[in-house]
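Remarks on the structure that follows.
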Amino acid sequence: TFLFALASSFSMYADQYYLVGGATDSDWSQGEWQRSAVRAYSADGTNWAAAVKLTVAEGNNGLFKIPNSTDGWDGLWATSQGTVLTSEWSDLSTNGSGDNKFCVAEEGMYLVSFNTSTLKIKAEKLTEPSKDGDYYLISSVNDYYWFAAYIATDATNASKARLTANLSFEGKTFTPMASDKHKFKGEFDGNGHTIDYAIVNSDYSNIGLFCYADVAYIHDLVIGANSSFKGVAKVGGIIGFARDRSGDVTLKNVINEARVEATGSTDANAAGLV
């Protein structure tokens with residue numbers, strides 16, 4: 001069961017935000033493909049989150065900032081150069097005159113959250129889930145965030161995960177998985193469980209639980225009725241954009257109960273699954 005609509009009228013937030021810099025996968029590059037792996041997501045246009053791997057290094061190699069476009073540098077900055085983000089809220093600035101950037105103290109997978117109304121930001125270091133053979137066992141939303149950050153490289157995007165519990169993102173900012181730069185090529189075993197309150201209200205295209213997939217196997221999974229995916233084009237309840245350059249993308253025993261909406265005036269594809 002699912003609902004989908006094309007070019008419907010609803011509240012769409014025009015903002016886009018990317019974590020760009022030497023500490024992130026994008027480095028200091030520009031362009032949609034390069035920055036697709038470090039997109040932040042929001043349900044309400046105010047509370048944003050990105051699940052990313054952050055590294056530590058000297059100088060700009062260990063810093064990042066948050067531009068609001070794929071090719072520009074305007075956006076959000078630190079209040080002082082080299083502000084070290086922690087799990088406690090720090091101040092954000094919209095003044096880029098000093099080009100002040102952020103960093104973290106330890107390399108790892110992080111959930112970076114920020115609020116564009118209160119101008120606050122924090123970075124919570126995530127703990128690696130336990131494994132059963134080749135499968136990462138996802139039993140909490142923090143495990144999910146960790147896996148989303150972990151597979152955002154070409155070295156790890158063929159990894160496997162298995163849900164061991166239902167996941168609810170109620171009261172949290174949901175982040176989809178995978179990107180154009182690092183398409184998901186692994187296996188995601190829902191194990192009969194449900195992911196609910198997965199809500200994205202986006203000015204991006206290619207939106208779904210997985211934004212991009214190629215040679216992936218996704219099965220035995222339910223996306224709950226309190227979820228919704230809204231984007232410009234290529235929006236799906238399970239996958240936003242599926243490619244078959246290297247092999248088949250396979251869905252088996254998947255159910256999407258979420259609302260799926262595409263708002264673009266042209267090529268505004270929306271589908272319940274892919």
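We label chains A, B, ... in the order they appear in the structure tokens, count residues from 1 in each chain, and number ligands from 1 in the order shown.
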
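The environment of Ser97 (chain A) within 12 Å, counting only C-alpha atoms and disregarding residues fewer than 6 places along the same chain, consists of Trp73, Asp74, Gly75, Leu76, Trp77, Ala78, Thr79, Ser80 and Gln81 of chain A.
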
Requested in this report: Once DSSP has gone over the backbone, tell me which residues of region 64-249 of chain A are in helix (DSSP H, G or I), as a PyMOL selection string.
Outcome: chain A and resi 141-150

Write a file of the selected residues as a PDB file, in the first residue's frame, keeping N, CA and C atoms.
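Output file out-v7.pdb follows:
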ATOM      1  N   VAL A 141      18.207   3.310  15.906  1.00  0.00           N
ATOM      2  CA  VAL A 141      18.373   4.362  14.905  1.00  0.00           C
ATOM      3  C   VAL A 141      19.834   4.793  14.817  1.00  0.00           C
ATOM      4  N   ASN A 142      20.571   4.752  15.931  1.00  0.00           N
ATOM      5  CA  ASN A 142      21.992   5.097  15.870  1.00  0.00           C
ATOM      6  C   ASN A 142      22.792   4.078  15.072  1.00  0.00           C
ATOM      7  N   ASP A 143      22.405   2.800  15.159  1.00  0.00           N
ATOM      8  CA  ASP A 143      23.026   1.785  14.299  1.00  0.00           C
ATOM      9  C   ASP A 143      22.748   2.104  12.830  1.00  0.00           C
ATOM     10  N   TYR A 144      21.512   2.505  12.548  1.00  0.00           N
ATOM     11  CA  TYR A 144      21.145   2.872  11.176  1.00  0.00           C
ATOM     12  C   TYR A 144      21.991   4.045  10.696  1.00  0.00           C
ATOM     13  N   TYR A 145      22.092   5.101  11.501  1.00  0.00           N
ATOM     14  CA  TYR A 145      22.900   6.256  11.109  1.00  0.00           C
ATOM     15  C   TYR A 145      24.344   5.828  10.838  1.00  0.00           C
ATOM     16  N   TRP A 146      24.891   4.960  11.701  1.00  0.00           N
ATOM     17  CA  TRP A 146      26.265   4.492  11.514  1.00  0.00           C
ATOM     18  C   TRP A 146      26.410   3.804  10.166  1.00  0.00           C
ATOM     19  N   PHE A 147      25.477   2.906   9.835  1.00  0.00           N
ATOM     20  CA  PHE A 147      25.559   2.180   8.573  1.00  0.00           C
ATOM     21  C   PHE A 147      25.415   3.131   7.394  1.00  0.00           C
ATOM     22  N   ALA A 148      24.526   4.116   7.503  1.00  0.00           N
ATOM     23  CA  ALA A 148      24.357   5.102   6.429  1.00  0.00           C
ATOM     24  C   ALA A 148      25.658   5.857   6.179  1.00  0.00           C
ATOM     25  N   ALA A 149      26.363   6.212   7.252  1.00  0.00           N
ATOM     26  CA  ALA A 149      27.647   6.897   7.101  1.00  0.00           C
ATOM     27  C   ALA A 149      28.721   5.947   6.567  1.00  0.00           C
ATOM     28  N   TYR A 150      28.693   4.716   7.043  1.00  0.00           N
ATOM     29  CA  TYR A 150      29.732   3.739   6.702  1.00  0.00           C
ATOM     30  C   TYR A 150      29.722   3.395   5.216  1.00  0.00           C
TER      31      TYR A 150
END

Query raised in the report: So how many Å separate CA of Ser265 (chain A) and CA of Asn206 (chain A), to one decimal?
Result: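 Here the two named atoms are 15.0 Å from each other.
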
Lys183 (chain A): which residues within 8 Å, counting only C-alpha atoms, same-chain residues fewer than 6 positions away excluded, as an mmCIF file with N, CA, C and O atoms, in the first residue's frame?
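Just written: result04.cif:
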data_model
loop_
_atom_site.group_PDB
_atom_site.id
_atom_site.type_symbol
_atom_site.label_atom_id
_atom_site.label_comp_id
_atom_site.auth_asym_id
_atom_site.auth_seq_id
_atom_site.Cartn_x
_atom_site.Cartn_y
_atom_site.Cartn_z
ATOM 1 N N ASN A 157 30.555 0.440 0.086
ATOM 2 C CA ASN A 157 29.153 0.544 -0.335
ATOM 3 C C ASN A 157 28.550 -0.789 -0.757
ATOM 4 O O ASN A 157 27.379 -0.848 -1.124
ATOM 5 N N CYS A 211 18.917 6.436 -1.762
ATOM 6 C CA CYS A 211 18.801 7.419 -2.843
ATOM 7 C C CYS A 211 19.247 6.833 -4.174
ATOM 8 O O CYS A 211 18.648 7.113 -5.209
ATOM 9 N N TYR A 212 20.307 6.019 -4.141
ATOM 10 C CA TYR A 212 20.810 5.348 -5.345
ATOM 11 C C TYR A 212 21.164 3.904 -4.991
ATOM 12 O O TYR A 212 21.668 3.636 -3.902
ATOM 13 N N ALA A 213 20.916 2.995 -5.938
ATOM 14 C CA ALA A 213 21.305 1.599 -5.749
ATOM 15 C C ALA A 213 21.752 1.012 -7.078
ATOM 16 O O ALA A 213 21.253 1.397 -8.144
ATOM 17 N N ASP A 214 22.697 0.100 -7.019
ATOM 18 C CA ASP A 214 23.225 -0.576 -8.197
ATOM 19 C C ASP A 214 23.743 -1.940 -7.731
ATOM 20 O O ASP A 214 24.576 -2.013 -6.838
#

**Report entry** Test item: residues at most 7 Å from Ser113 (chain A), only C-alpha atoms, excluding those fewer than 5 positions along its chain, as a ChimeraX atom specification
**Finding:** /A:48-50,121-123

**Report entry** Top pick for closest residue to Gly21 (chain A), considering A:Ala258, A:Leu137, A:Ile238, A:Ala57 and counting only C-alpha atoms
**Finding:**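 Ranked by minimum distance to Gly21 (chain A), first place goes to A:Ala57.
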
**Report entry** Pick from A:Asn191, A:Ser87, A:Gly31, A:Asn201, whichever lies nearest to Asp15 (chain A) using only C-alpha atoms
**Finding:**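 Checking each candidate against Asp15 (chain A), we get A:Asn201 as the closest.
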
Requested in this report: Do a neighbour search on Val104 (chain A) at 8 Å with only C-alpha atoms, toss out local chain neighbours closer than 4 positions, and write the hits as an NGL selection string.
Outcome: :A and (54-56 or 84-86 or 123)

Report task. Select, from A:Ser29, A:Ser139, A:Phe184, A:Asp189, the residue with the minimum atom-to-atom distance to Ala165 (chain A), counting only C-alpha atoms. Result ->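 Among A:Ser29, A:Ser139, A:Phe184, A:Asp189, it is A:Ser139 that comes nearest to Ala165 (chain A).
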
**Report entry** CA of Tyr110 (chain A) to CA of Ser205 (chain A), straight-line distance in Å
**Finding:**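 It comes out at 23.7 Å.
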
Query raised in the report: Near Leu167 (chain A), counting only C-alpha atoms, which residues have an atom at most 7 Å away, once you skip same-chain residues fewer than 3 positions from it, shown as a ChimeraX atom specification?
Result: /A:140-141,194-196

Query - Which of A:Glu124, A:Asp71, A:Asp203, A:Asp220 sits closest to Ser26 (chain A) [using only C-alpha atoms] - result: A:Asp71

Requested in this report: Find the residues near region 64-70 of chain A: any atom within 8 Å, counting only C-alpha atoms, skip ones fewer than 6 places away on the same chain, and give them as an MDAnalysis selection string.
Outcome: chainID A and resid 15:24 30:32 35 76:78 100:103
